[in-house]
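The next block is coords12.pdb, given as PDB, C-alpha atoms.
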ATOM      1  CA  MET A 104      89.729   3.129 -15.617
ATOM      2  CA  LEU A 105      89.721   3.405 -11.821
ATOM      3  CA  GLY A 106      89.416  -0.376 -11.510
ATOM      4  CA  VAL A 107      92.364  -0.939 -13.860
ATOM      5  CA  PHE A 108      94.476   1.566 -11.924
ATOM      6  CA  LEU A 109      93.606  -0.039  -8.588
ATOM      7  CA  MET A 110      94.422  -3.489  -9.955
ATOM      8  CA  TRP A 111      97.817  -2.221 -11.125
ATOM      9  CA  TRP A 112      98.391  -0.502  -7.786
ATOM     10  CA  TRP A 113      97.440  -3.636  -5.840
ATOM     11  CA  LEU A 114      99.907  -5.802  -7.765
ATOM     12  CA  SER A 115     102.636  -3.162  -7.895
ATOM     13  CA  LYS A 116     102.760  -2.988  -4.081
ATOM     14  CA  MET A 117     103.863  -6.612  -3.967
ATOM     15  CA  SER A 118     107.377  -7.862  -4.558
ATOM     16  CA  SER A 119     107.960 -10.225  -7.469
ATOM     17  CA  GLN A 120     108.154 -13.094  -4.971
ATOM     18  CA  ASP A 121     104.819 -12.052  -3.419
ATOM     19  CA  ARG A 122     103.175 -12.014  -6.845
ATOM     20  CA  ILE A 123     104.540 -15.470  -7.641
ATOM     21  CA  GLU A 124     103.267 -16.730  -4.284
ATOM     22  CA  LEU A 125      99.869 -15.137  -4.878
ATOM     23  CA  TRP A 126      99.550 -16.773  -8.288
ATOM     24  CA  ASN A 127     100.608 -20.178  -6.935
ATOM     25  CA  ASN A 128      98.067 -19.898  -4.102
ATOM     26  CA  ILE A 129      95.298 -19.031  -6.549
ATOM     27  CA  ILE A 130      95.974 -21.793  -9.076
ATOM     28  CA  ASN A 131      96.424 -24.366  -6.296
ATOM     29  CA  ALA A 132      93.147 -23.475  -4.565
ATOM     30  CA  ASN A 133      90.904 -26.464  -3.941
ATOM     31  CA  PRO A 134      88.507 -26.520  -6.940
ATOM     32  CA  LYS A 135      85.837 -28.231  -4.826
ATOM     33  CA  TRP A 136      85.180 -25.054  -2.848
ATOM     34  CA  ILE A 137      85.243 -22.965  -6.027
ATOM     35  CA  LEU A 138      82.579 -25.196  -7.569
ATOM     36  CA  PHE A 139      80.445 -24.827  -4.449
ATOM     37  CA  SER A 140      80.800 -21.043  -4.714
ATOM     38  CA  PHE A 141      79.575 -21.250  -8.319
ATOM     39  CA  LEU A 142      76.594 -23.312  -7.151
ATOM     40  CA  PHE A 143      75.684 -20.696  -4.536
ATOM     41  CA  SER A 144      76.046 -17.983  -7.198
ATOM     42  CA  ILE A 145      73.719 -19.766  -9.607
ATOM     43  CA  LEU A 146      71.116 -20.313  -6.883
ATOM     44  CA  SER A 147      71.237 -16.621  -5.936
ATOM     45  CA  HIS A 148      70.812 -15.550  -9.571
ATOM     46  CA  LEU A 149      67.904 -17.956 -10.097
ATOM     47  CA  SER A 150      66.256 -16.658  -6.955
ATOM     48  CA  ARG A 151      66.763 -13.057  -8.070
ATOM     49  CA  ALA A 152      65.234 -13.806 -11.469
ATOM     50  CA  TYR A 153      62.277 -15.569  -9.840
ATOM     51  CA  ARG A 154      61.802 -12.783  -7.276
ATOM     52  CA  TRP A 155      61.600 -10.254 -10.100
ATOM     53  CA  LYS A 156      58.266 -11.675 -11.278
ATOM     54  CA  PHE A 157      56.602 -10.734  -7.975
ATOM     55  CA  MET A 158      57.356  -7.079  -8.729
ATOM     56  CA  LEU A 159      56.279  -7.201 -12.361
ATOM     57  CA  GLU A 160      53.005  -9.058 -11.807
ATOM     58  CA  PRO A 161      51.107  -6.080 -10.249
ATOM     59  CA  MET A 162      51.681  -4.196 -13.527
ATOM     60  CA  GLY A 163      50.362  -7.102 -15.580
ATOM     61  CA  TYR A 164      53.669  -8.524 -16.845
ATOM     62  CA  LYS A 165      54.716 -12.165 -16.551
ATOM     63  CA  PRO A 166      58.119 -12.762 -18.169
ATOM     64  CA  LYS A 167      59.474 -16.276 -18.594
ATOM     65  CA  LEU A 168      61.902 -17.358 -15.874
ATOM     66  CA  GLY A 169      64.568 -18.151 -18.472
ATOM     67  CA  ASN A 170      64.291 -14.674 -19.954
ATOM     68  CA  SER A 171      64.431 -13.064 -16.510
ATOM     69  CA  LEU A 172      67.547 -15.060 -15.651
ATOM     70  CA  ALA A 173      69.149 -14.116 -18.964
ATOM     71  CA  ALA A 174      68.418 -10.443 -18.255
ATOM     72  CA  VAL A 175      69.893 -10.690 -14.751
ATOM     73  CA  MET A 176      73.077 -12.364 -16.013
ATOM     74  CA  THR A 177      73.350  -9.909 -18.906
ATOM     75  CA  GLY A 178      73.316  -7.165 -16.288
ATOM     76  CA  TYR A 179      76.164  -8.771 -14.336
ATOM     77  CA  PHE A 180      78.075  -9.186 -17.596
ATOM     78  CA  ALA A 181      77.710  -5.467 -18.361
ATOM     79  CA  ASN A 182      78.693  -4.420 -14.828
ATOM     80  CA  THR A 183      81.987  -6.261 -15.255
ATOM     81  CA  PHE A 184      83.041  -3.758 -17.901
ATOM     82  CA  VAL A 185      81.058  -0.563 -17.223
ATOM     83  CA  LEU A 186      80.125   0.484 -13.686
ATOM     84  CA  ARG A 187      76.365   0.352 -12.932
ATOM     85  CA  SER A 188      75.471  -0.233 -16.590
ATOM     86  CA  GLY A 189      74.012  -3.638 -15.727
ATOM     87  CA  GLU A 190      70.768  -2.290 -14.282
ATOM     88  CA  LEU A 191      70.061  -0.415 -17.512
ATOM     89  CA  LEU A 192      70.988  -3.313 -19.785
ATOM     90  CA  ARG A 193      68.968  -5.714 -17.649
ATOM     91  CA  ALA A 194      65.819  -3.644 -18.251
ATOM     92  CA  VAL A 195      66.651  -3.366 -21.961
ATOM     93  CA  ALA A 196      67.077  -7.147 -22.192
ATOM     94  CA  LEU A 197      63.634  -7.827 -20.729
ATOM     95  CA  GLN A 198      62.126  -5.237 -23.038
ATOM     96  CA  LYS A 199      63.615  -7.077 -26.012
ATOM     97  CA  THR A 200      62.494 -10.564 -24.950
ATOM     98  CA  ASP A 201      59.143  -9.953 -23.211
ATOM     99  CA  ASP A 202      58.020  -6.531 -24.477
ATOM    100  CA  ILE A 203      58.026  -5.025 -20.986
ATOM    101  CA  PRO A 204      58.479  -1.237 -21.142
ATOM    102  CA  PHE A 205      61.972  -0.207 -20.115
ATOM    103  CA  GLU A 206      60.855   2.349 -17.542
ATOM    104  CA  LYS A 207      58.532  -0.172 -15.858
ATOM    105  CA  SER A 208      61.134  -2.913 -15.448
ATOM    106  CA  PHE A 209      63.825  -0.405 -14.526
ATOM    107  CA  GLY A 210      61.563   0.932 -11.790
ATOM    108  CA  THR A 211      61.239  -2.555 -10.307
ATOM    109  CA  ILE A 212      65.040  -2.929 -10.436
ATOM    110  CA  VAL A 213      65.404   0.311  -8.469
ATOM    111  CA  SER A 214      62.835  -0.974  -5.996
ATOM    112  CA  GLU A 215      64.557  -4.323  -5.497
ATOM    113  CA  ARG A 216      67.901  -2.572  -5.042
ATOM    114  CA  ILE A 217      66.312  -0.624  -2.200
ATOM    115  CA  ALA A 218      65.142  -3.909  -0.637
ATOM    116  CA  ASP A 219      68.644  -5.365  -1.058
ATOM    117  CA  LEU A 220      70.192  -2.283   0.503
ATOM    118  CA  VAL A 221      67.922  -2.607   3.542
ATOM    119  CA  LEU A 222      69.015  -6.214   4.012
ATOM    120  CA  LEU A 223      72.685  -5.320   3.523
ATOM    121  CA  LEU A 224      72.319  -2.683   6.222
ATOM    122  CA  LEU A 225      70.809  -5.303   8.534
ATOM    123  CA  ILE A 226      73.776  -7.570   7.804
ATOM    124  CA  MET A 227      76.108  -4.670   8.514
ATOM    125  CA  ILE A 228      74.390  -4.048  11.860
ATOM    126  CA  THR A 229      74.825  -7.733  12.691
ATOM    127  CA  ALA A 230      78.502  -7.563  11.722
ATOM    128  CA  ILE A 231      78.991  -4.476  13.880
ATOM    129  CA  SER A 232      77.335  -6.190  16.827
ATOM    130  CA  LEU A 233      79.665  -9.187  16.425
ATOM    131  CA  GLN A 234      82.812  -7.148  15.812
ATOM    132  CA  SER A 235      81.735  -3.767  17.166
ATOM    133  CA  THR A 236      85.000  -2.284  18.397
ATOM    134  CA  ALA A 237      87.189  -3.552  15.577
ATOM    135  CA  LEU A 238      84.763  -2.730  12.748
ATOM    136  CA  ILE A 239      83.957   0.772  13.946
ATOM    137  CA  THR A 240      87.678   1.479  14.250
ATOM    138  CA  TYR A 241      88.212   0.164  10.727
ATOM    139  CA  PHE A 242      85.581   2.449   9.213
ATOM    140  CA  LYS A 243      86.957   5.430  11.117
ATOM    141  CA  GLU A 244      90.453   4.782   9.822
ATOM    142  CA  SER A 245      89.338   4.031   6.269
ATOM    143  CA  ALA A 246      87.012   6.920   5.448
ATOM    144  CA  ASN A 247      86.552  10.625   6.071
ATOM    145  CA  PRO A 248      82.764  11.260   6.159
ATOM    146  CA  ILE A 249      82.924  15.064   5.621
ATOM    147  CA  PRO A 250      83.330  15.012   1.779
ATOM    148  CA  SER A 251      80.478  12.506   1.542
ATOM    149  CA  ILE A 252      78.213  14.708   3.694
ATOM    150  CA  ILE A 253      78.984  17.802   1.575
ATOM    151  CA  SER A 254      78.339  15.851  -1.628
ATOM    152  CA  LEU A 255      75.039  14.568  -0.229
ATOM    153  CA  VAL A 256      73.850  18.099   0.630
ATOM    154  CA  ILE A 257      74.734  19.330  -2.874
ATOM    155  CA  LEU A 258      72.975  16.385  -4.528
ATOM    156  CA  LEU A 259      69.847  16.872  -2.414
ATOM    157  CA  SER A 260      69.737  20.577  -3.299
ATOM    158  CA  LEU A 261      70.113  19.858  -7.004
ATOM    159  CA  GLY A 262      67.473  17.147  -6.700
ATOM    160  CA  VAL A 263      64.927  19.537  -5.171
ATOM    161  CA  ILE A 264      65.566  22.107  -7.901
ATOM    162  CA  GLY A 265      65.322  19.447 -10.607
ATOM    163  CA  LEU A 266      62.030  18.102  -9.244
ATOM    164  CA  ARG A 267      60.497  21.591  -9.242
ATOM    165  CA  ILE A 268      61.472  22.053 -12.889
ATOM    166  CA  LEU A 269      60.087  18.649 -13.862
ATOM    167  CA  LYS A 270      56.834  19.296 -12.032
ATOM    168  CA  ASN A 271      56.084  22.769 -13.378
ATOM    169  CA  SER A 272      57.672  22.964 -16.848
ATOM    170  CA  THR A 273      55.513  22.714 -19.977
ATOM    171  CA  HIS A 274      58.438  22.206 -22.355
ATOM    172  CA  PRO A 275      57.834  19.099 -24.568
ATOM    173  CA  PHE A 276      61.243  17.606 -23.735
ATOM    174  CA  VAL A 277      60.677  18.040 -19.995
ATOM    175  CA  ILE A 278      57.197  16.513 -20.341
ATOM    176  CA  LYS A 279      58.771  13.417 -21.950
ATOM    177  CA  ILE A 280      61.240  13.147 -19.084
ATOM    178  CA  ARG A 281      58.391  13.552 -16.570
ATOM    179  CA  THR A 282      56.374  10.796 -18.268
ATOM    180  CA  PHE A 283      59.413   8.518 -18.284
ATOM    181  CA  GLY A 284      60.055   9.268 -14.607
ATOM    182  CA  LEU A 285      56.457   8.473 -13.689
ATOM    183  CA  GLY A 286      56.862   5.124 -15.424
ATOM    184  CA  ILE A 287      59.915   4.376 -13.269
ATOM    185  CA  LEU A 288      57.993   5.458 -10.177
ATOM    186  CA  ASP A 289      55.201   3.074 -11.134
ATOM    187  CA  GLY A 290      57.769   0.281 -11.197
ATOM    188  CA  VAL A 291      59.184   1.310  -7.819
ATOM    189  CA  LYS A 292      55.721   1.341  -6.253
ATOM    190  CA  SER A 293      55.164  -2.233  -7.405
ATOM    191  CA  ILE A 294      56.900  -3.443  -4.256
ATOM    192  CA  PHE A 295      53.896  -2.172  -2.253
ATOM    193  CA  LYS A 296      51.361  -3.849  -4.557
ATOM    194  CA  MET A 297      52.746  -7.374  -4.504
ATOM    195  CA  LYS A 298      50.388 -10.210  -3.641
ATOM    196  CA  HIS A 299      53.261 -12.461  -2.604
ATOM    197  CA  ASN A 300      55.057 -10.390   0.011
ATOM    198  CA  ALA A 301      56.139 -13.432   2.017
ATOM    199  CA  ALA A 302      57.666 -15.073  -1.061
ATOM    200  CA  PHE A 303      59.474 -11.834  -1.939
ATOM    201  CA  ILE A 304      60.944 -11.610   1.571
ATOM    202  CA  PHE A 305      61.933 -15.297   1.478
ATOM    203  CA  HIS A 306      63.790 -14.895  -1.823
ATOM    204  CA  THR A 307      65.481 -11.726  -0.611
ATOM    205  CA  LEU A 308      66.749 -13.572   2.474
ATOM    206  CA  PHE A 309      67.732 -16.560   0.340
ATOM    207  CA  ILE A 310      69.699 -14.418  -2.128
ATOM    208  CA  TRP A 311      71.806 -12.863   0.610
ATOM    209  CA  THR A 312      72.230 -16.192   2.391
ATOM    210  CA  MET A 313      73.700 -17.550  -0.847
ATOM    211  CA  TYR A 314      75.975 -14.489  -1.151
ATOM    212  CA  ILE A 315      77.340 -15.031   2.351
ATOM    213  CA  SER A 316      77.682 -18.777   1.748
ATOM    214  CA  MET A 317      79.571 -18.118  -1.485
ATOM    215  CA  PHE A 318      81.883 -15.743   0.398
ATOM    216  CA  TRP A 319      82.430 -18.128   3.311
ATOM    217  CA  ILE A 320      83.104 -21.231   1.205
ATOM    218  CA  VAL A 321      85.992 -19.514  -0.589
ATOM    219  CA  THR A 322      87.750 -18.884   2.749
ATOM    220  CA  LEU A 323      88.229 -22.662   2.881
ATOM    221  CA  CYS A 324      90.543 -22.313  -0.141
ATOM    222  CA  VAL A 325      92.968 -20.288   1.991
ATOM    223  CA  PRO A 326      94.494 -22.325   4.841
ATOM    224  CA  GLY A 327      95.401 -19.195   6.775
ATOM    225  CA  LEU A 328      91.745 -18.098   6.936
ATOM    226  CA  LYS A 329      90.234 -21.371   8.138
ATOM    227  CA  GLY A 330      90.191 -20.101  11.707
ATOM    228  CA  ALA A 331      88.251 -16.935  10.860
ATOM    229  CA  SER A 332      85.152 -16.519  13.013
ATOM    230  CA  PHE A 333      81.702 -15.885  11.568
ATOM    231  CA  GLY A 334      81.892 -12.314  12.865
ATOM    232  CA  VAL A 335      85.140 -11.653  10.961
ATOM    233  CA  ILE A 336      83.756 -13.262   7.803
ATOM    234  CA  LEU A 337      80.557 -11.212   8.032
ATOM    235  CA  ALA A 338      82.529  -7.992   8.570
ATOM    236  CA  ALA A 339      84.723  -8.757   5.553
ATOM    237  CA  PHE A 340      81.607  -9.599   3.522
ATOM    238  CA  VAL A 341      80.035  -6.208   4.289
ATOM    239  CA  ILE A 342      83.177  -4.308   3.334
ATOM    240  CA  GLY A 343      83.503  -6.416   0.192
ATOM    241  CA  ALA A 344      79.870  -5.751  -0.762
ATOM    242  CA  PHE A 345      80.396  -1.997  -0.622
ATOM    243  CA  SER A 346      83.694  -2.223  -2.525
ATOM    244  CA  MET A 347      81.931  -4.130  -5.316
ATOM    245  CA  SER A 348      79.749  -1.103  -6.027
ATOM    246  CA  ALA A 349      82.633   1.390  -6.134
ATOM    247  CA  THR A 350      84.335   0.048  -9.281
ATOM    248  CA  ASN A 351      83.121  -2.151 -12.129
ATOM    249  CA  ALA A 352      82.552  -5.553 -10.483
ATOM    250  CA  GLY A 353      84.964  -4.537  -7.712
ATOM    251  CA  MET A 354      87.966  -4.539 -10.049
ATOM    252  CA  GLY A 355      91.106  -3.709  -8.087
ATOM    253  CA  LEU A 356      89.283  -2.415  -5.051
ATOM    254  CA  TYR A 357      87.816  -5.752  -3.950
ATOM    255  CA  PRO A 358      91.111  -7.626  -3.422
ATOM    256  CA  ILE A 359      92.621  -4.501  -1.837
ATOM    257  CA  ALA A 360      89.691  -4.294   0.589
ATOM    258  CA  MET A 361      89.918  -7.991   1.438
ATOM    259  CA  ALA A 362      93.653  -7.767   2.103
ATOM    260  CA  ALA A 363      93.101  -4.715   4.314
ATOM    261  CA  VAL A 364      90.239  -6.097   6.395
ATOM    262  CA  PHE A 365      91.743  -9.529   7.026
ATOM    263  CA  THR A 366      95.050  -7.920   7.938
ATOM    264  CA  PHE A 367      93.189  -5.668  10.336
ATOM    265  CA  PHE A 368      91.684  -8.712  12.044
ATOM    266  CA  GLY A 369      95.145 -10.232  12.540
ATOM    267  CA  PHE A 370      95.542 -12.471   9.493
ATOM    268  CA  GLU A 371      98.483 -12.423   7.105
ATOM    269  CA  ALA A 372      98.306  -9.941   4.228
ATOM    270  CA  ALA A 373      99.184 -12.753   1.820
ATOM    271  CA  ASP A 374      96.090 -14.686   2.932
ATOM    272  CA  GLY A 375      93.853 -11.664   2.409
ATOM    273  CA  ASN A 376      95.386 -11.049  -1.029
ATOM    274  CA  THR A 377      94.890 -14.688  -1.976
ATOM    275  CA  PHE A 378      91.276 -14.711  -0.827
ATOM    276  CA  GLY A 379      90.475 -11.439  -2.622
ATOM    277  CA  GLY A 380      92.158 -12.632  -5.794
ATOM    278  CA  ILE A 381      90.344 -15.982  -5.780
ATOM    279  CA  ILE A 382      86.831 -14.760  -5.086
ATOM    280  CA  TRP A 383      87.069 -11.723  -7.364
ATOM    281  CA  GLY A 384      88.774 -13.613 -10.177
ATOM    282  CA  THR A 385      86.535 -16.685 -10.175
ATOM    283  CA  GLN A 386      83.289 -14.733  -9.882
ATOM    284  CA  THR A 387      84.358 -12.298 -12.608
ATOM    285  CA  ILE A 388      85.193 -15.155 -14.974
ATOM    286  CA  PHE A 389      81.915 -16.859 -14.045
ATOM    287  CA  ASN A 390      79.888 -13.708 -14.782
ATOM    288  CA  ILE A 391      81.706 -13.046 -18.051
ATOM    289  CA  ILE A 392      81.156 -16.574 -19.378
ATOM    290  CA  LEU A 393      77.587 -17.152 -18.193
ATOM    291  CA  GLY A 394      76.600 -13.510 -18.649
ATOM    292  CA  GLY A 395      78.068 -13.448 -22.152
ATOM    293  CA  ILE A 396      76.091 -16.569 -23.104
ATOM    294  CA  CYS A 397      72.915 -14.972 -21.721
ATOM    295  CA  ALA A 398      73.599 -11.725 -23.591
ATOM    296  CA  ILE A 399      73.927 -13.667 -26.854
ATOM    297  CA  TYR A 400      70.732 -15.597 -26.024
ATOM    298  CA  THR A 401      68.866 -12.331 -25.457
ATOM    299  CA  LEU A 402      70.184 -10.857 -28.698
ATOM    300  CA  VAL A 403      69.235 -13.949 -30.732
ATOM    301  CA  LEU A 404      65.769 -14.140 -29.163
ATOM    302  CA  SER A 405      65.069 -10.465 -29.833
ATOM    303  CA  GLN A 406      66.170 -10.847 -33.470
ATOM    304  CA  ARG A 407      63.862 -13.846 -33.898
ATOM    305  CA  LYS A 408      60.952 -11.826 -32.552
ATOM    306  CA  LYS A 409      61.623  -9.103 -35.103
ATOM    307  CA  ASN A 410      61.609 -11.616 -37.916
TER     308      ASN A 410
END

Show how you would write the structure in this file as structure tokens.
Amino acid sequence: MLGVFLMWWWLSKMSSQDRIELWNNIINANPKWILFSFLFSILSHLSRAYRWKFMLEPMGYKPKLGNSLAAVMTGYFANTFVLRSGELLRAVALQKTDDIPFEKSFGTIVSERIADLVLLLLIMITAISLQSTALITYFKESANPIPSIISLVILLSLGVIGLRILKNSTHPFVIKIRTFGLGILDGVKSIFKMKHNAAFIFHTLFIWTMYISMFWIVTLCVPGLKGASFGVILAAFVIGAFSMSATNAGMGLYPIAMAAVFTFFGFEAADGNTFGGIIWGTQTIFNIILGGICAIYTLVLSQRKKN
């Protein structure tokens, strides 16, 4: 619902002429660069699916690459409609196709998200070093950290209390939760048991290189952004990455964030709106189509296994 509201708010701020101009800019975007962005997306998804096997192997599981890719894309498909549901559905999909326990695969997903977060933070540090003054000012003007700090303290306190209950309770229901949690933890710890650490690091770097390449190539669709420096593009990428996790697939918030950050760096608001609309719209359509096909594939394969 938040994504729908933000999308409405984003469009409602524009005049009718601005909306017409935005639509014309989007439909007249050079399809060559869009196709390249799709190529980078596919390569990143393939790499993510392949990287997953390095985390599952220490637990004795070796899913087929096609099934891993289908699970990854099914997750992106789910995230388009329900925020953060993709990680759960991704683990369910692999359970259906390769009989890998949900808690085990979900634990590896949590672990790889931690690895991705570390790399995103490194990218953010690089962006800050390239655009230090401007980016720090932007974050100061865009967010009040006090509510987040208070929320974090409350969550940590509740977490400590919850862990004590899980550790000491003998209630059957709590024991089931504890067993399930230990299974997830086993999946998380798989990152420390991998035999192919170098390959895991390579694929992690490759995935994020493809993300940045996909982001950069779309700027070529917007004439007003062709002069953007790598530092500006990297700063916008970081802000866009965080906005993607705030609503389902960045709905509403992503184009708003892109318009805001490019305007902050001195570009026209119309160019930022066009860029945000193109990259969010094309990638959402891409994930819905390919992810939907993969979801159907997973469903059909699981039904065949039952029969």

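Neighbours of A:Lys167 closer than or equal to 12 Å, with only C-alpha atoms counted and sequence neighbours fewer than 4 positions away skipped, come out as Ala152, Tyr153, Trp155, Lys156, Leu159, Glu160, Ser171, Leu172, Ala173, Ala174, Leu197, Thr200, Asp201, Asp202 and Ile203 of chain A.
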
Restricting to only C-alpha atoms, whichever of A:Ser272, A:Leu114, A:Ser260, A:Gly353 is closest to A:Trp126 is A:Leu114

Determine the residue set returned by the PyMOL selection byres ((chain A and resi 318) around 10) for the present structure, and present it as a PyMOL selection string. chain A and resi 140+143-144+312-317+319-323+336-337+339-340+343+378+382

Write a file of the selected residues as a compact mmCIF listing (two decimals), keeping the file's coordinate frame, keeping C-alpha atoms.
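The result, written out as part-v5.txt:
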# COMPACT_ATOMS: atom_id res chain seq x y z
CA SER A 140 80.80 -21.04 -4.71
CA PHE A 143 75.68 -20.70 -4.54
CA SER A 144 76.05 -17.98 -7.20
CA THR A 312 72.23 -16.19 2.39
CA MET A 313 73.70 -17.55 -0.85
CA TYR A 314 75.97 -14.49 -1.15
CA ILE A 315 77.34 -15.03 2.35
CA SER A 316 77.68 -18.78 1.75
CA MET A 317 79.57 -18.12 -1.48
CA TRP A 319 82.43 -18.13 3.31
CA ILE A 320 83.10 -21.23 1.20
CA VAL A 321 85.99 -19.51 -0.59
CA THR A 322 87.75 -18.88 2.75
CA LEU A 323 88.23 -22.66 2.88
CA ILE A 336 83.76 -13.26 7.80
CA LEU A 337 80.56 -11.21 8.03
CA ALA A 339 84.72 -8.76 5.55
CA PHE A 340 81.61 -9.60 3.52
CA GLY A 343 83.50 -6.42 0.19
CA PHE A 378 91.28 -14.71 -0.83
CA ILE A 382 86.83 -14.76 -5.09

What's around A:Gly369 at 12 Å? Count all atoms listed in the file, leave out sequence neighbours fewer than 6 positions away in its own chain, and write the answer as an mmCIF file with C-alpha atoms, in the frame of the given file.
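Dumped everything to part16.cif:
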data_model
loop_
_atom_site.group_PDB
_atom_site.id
_atom_site.type_symbol
_atom_site.label_atom_id
_atom_site.label_comp_id
_atom_site.auth_asym_id
_atom_site.auth_seq_id
_atom_site.Cartn_x
_atom_site.Cartn_y
_atom_site.Cartn_z
ATOM 1 C CA ALA A 237 87.189 -3.552 15.577
ATOM 2 C CA GLY A 327 95.401 -19.195 6.775
ATOM 3 C CA LEU A 328 91.745 -18.098 6.936
ATOM 4 C CA GLY A 330 90.191 -20.101 11.707
ATOM 5 C CA ALA A 331 88.251 -16.935 10.860
ATOM 6 C CA SER A 332 85.152 -16.519 13.013
ATOM 7 C CA VAL A 335 85.140 -11.653 10.961
ATOM 8 C CA ALA A 362 93.653 -7.767 2.103
ATOM 9 C CA ALA A 363 93.101 -4.715 4.314
ATOM 10 C CA GLY A 375 93.853 -11.664 2.409
#

What is the distance, in Å and to one decimal place, between atom CA of A:Gly334 and atom CA of A:Leu233?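 Going from atom CA of A:Gly334 over to atom CA of A:Leu233 covers 5.2 Å.
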
Find the smallest box with edges along x, y and z containing every listed atom of stretch 185-192 of chain A, then add 6 Å on each side and report centre and edge lengths in Å to one decimal, as lines of an AutoDock Vina configuration file.
center_x = 75.6
center_y = -1.6
center_z = -16.4
size_x = 23.0
size_y = 16.1
size_z = 18.9

Two-atom distance - atom CA of A:Ser405, atom CA of A:Arg154 (Å):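 Between atom CA of A:Ser405 and atom CA of A:Arg154 the gap works out to 22.9 Å.
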
Compare A:Gln198, A:Gly355, A:Tyr179, A:Gly265 by their minimum atom-to-atom distance to A:Lys408, counting all atoms listed in the file, and give me the closest one.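 Of A:Gln198, A:Gly355, A:Tyr179, A:Gly265, the one nearest A:Lys408, counting all atoms listed in the file, is A:Gln198.
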
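Compared by their closest atoms to A:Ile212, and using only C-alpha atoms, the residues A:Lys165, A:Arg267, A:Arg151, A:Lys329 rank with A:Arg151 nearest.
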
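Taking atom CA of A:Lys199 and atom CA of A:Asn170 as the two end points, the separation is 9.7 Å.
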
Pick from A:Thr401, A:Thr307, A:Gly394, A:Trp112: nearest to A:Glu215, with all atoms listed in the file counted?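 Using all atoms listed in the file, A:Glu215 sits closest to A:Thr307.
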
Could you list as a PyMOL selection string every residue that has an atom within 12 Å of (93.9, -5.9, -1.4), using the file's coordinates and counting all atoms listed in the file? chain A and resi 109-117+125+339+342-343+346+353-367+371-383

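Of the residues under consideration (A:Ile264, A:Lys298, A:Pro161, A:Phe370), A:Pro161 shows the shortest atom-to-atom contact distance to A:Ser208 when counting all atoms listed in the file.
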
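Around A:Ala398, within 10 Å and counting all atoms listed in the file, the residues found are Ala173, Ala174, Val175, Met176, Thr177, Gly178, Phe180, Ala181, Leu192, Arg193, Ala196, Ile391, Ile392, Leu393, Gly394, Gly395, Ile396, Tyr400, Thr401, Leu402, Val403 and Leu404 of chain A, once anything fewer than 2 positions away on its own chain is removed.
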
Mind listing whatever residues come within 9 Å of the point (60.8, -0.8, -17.5)? Use all atoms listed in the file, file coordinates, and give them as a ChimeraX atom specification. /A:194-195,197-198,203-212,286-287,290

Please write the residues picked by the PyMOL selection byres ((chain A and resi 134) around 12) on this file as a VMD selection string. chain A and resid 128 to 133 135 to 141 320 to 321 323 to 325 381 385

Let's have the selection written as a short mmCIF file (atom, residue, chain, number, x, y, z; two decimals), in the coordinates of the input, with C-alpha atoms.
data_model
loop_
_atom_site.label_atom_id
_atom_site.label_comp_id
_atom_site.auth_asym_id
_atom_site.auth_seq_id
_atom_site.Cartn_x
_atom_site.Cartn_y
_atom_site.Cartn_z
CA ASN A 128 98.07 -19.90 -4.10
CA ILE A 129 95.30 -19.03 -6.55
CA ILE A 130 95.97 -21.79 -9.08
CA ASN A 131 96.42 -24.37 -6.30
CA ALA A 132 93.15 -23.48 -4.57
CA ASN A 133 90.90 -26.46 -3.94
CA LYS A 135 85.84 -28.23 -4.83
CA TRP A 136 85.18 -25.05 -2.85
CA ILE A 137 85.24 -22.96 -6.03
CA LEU A 138 82.58 -25.20 -7.57
CA PHE A 139 80.44 -24.83 -4.45
CA SER A 140 80.80 -21.04 -4.71
CA PHE A 141 79.58 -21.25 -8.32
CA ILE A 320 83.10 -21.23 1.20
CA VAL A 321 85.99 -19.51 -0.59
CA LEU A 323 88.23 -22.66 2.88
CA CYS A 324 90.54 -22.31 -0.14
CA VAL A 325 92.97 -20.29 1.99
CA ILE A 381 90.34 -15.98 -5.78
CA THR A 385 86.54 -16.68 -10.18
#

Evaluate the PyMOL selection byres ((chain A and resi 223) around 12) and report residues as number ranges by chain: A: 216-222, 224-230, 307-308, 310-312, 314-315, 337-338, 340-345

N, CA and C atoms restored at stretch 112-118 of chain A, emitted as a compact mmCIF listing (two decimals), in the coordinates of the input:
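Generated file (out-v3.txt):
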# COMPACT_ATOMS: atom_id res chain seq x y z
N TRP A 112 97.82 -0.96 -9.05
CA TRP A 112 98.39 -0.50 -7.79
C TRP A 112 98.49 -1.64 -6.78
N TRP A 113 97.45 -2.49 -6.75
CA TRP A 113 97.44 -3.64 -5.84
C TRP A 113 98.61 -4.57 -6.12
N LEU A 114 98.83 -4.89 -7.40
CA LEU A 114 99.91 -5.80 -7.76
C LEU A 114 101.28 -5.15 -7.64
N SER A 115 101.34 -3.84 -7.92
CA SER A 115 102.64 -3.16 -7.90
C SER A 115 103.18 -3.03 -6.48
N LYS A 116 102.30 -3.08 -5.47
CA LYS A 116 102.76 -2.99 -4.08
C LYS A 116 103.50 -4.25 -3.65
N MET A 117 103.24 -5.35 -4.34
CA MET A 117 103.86 -6.61 -3.97
C MET A 117 105.25 -6.75 -4.61
N SER A 118 106.10 -7.50 -3.95
CA SER A 118 107.38 -7.86 -4.56
C SER A 118 107.13 -8.94 -5.60
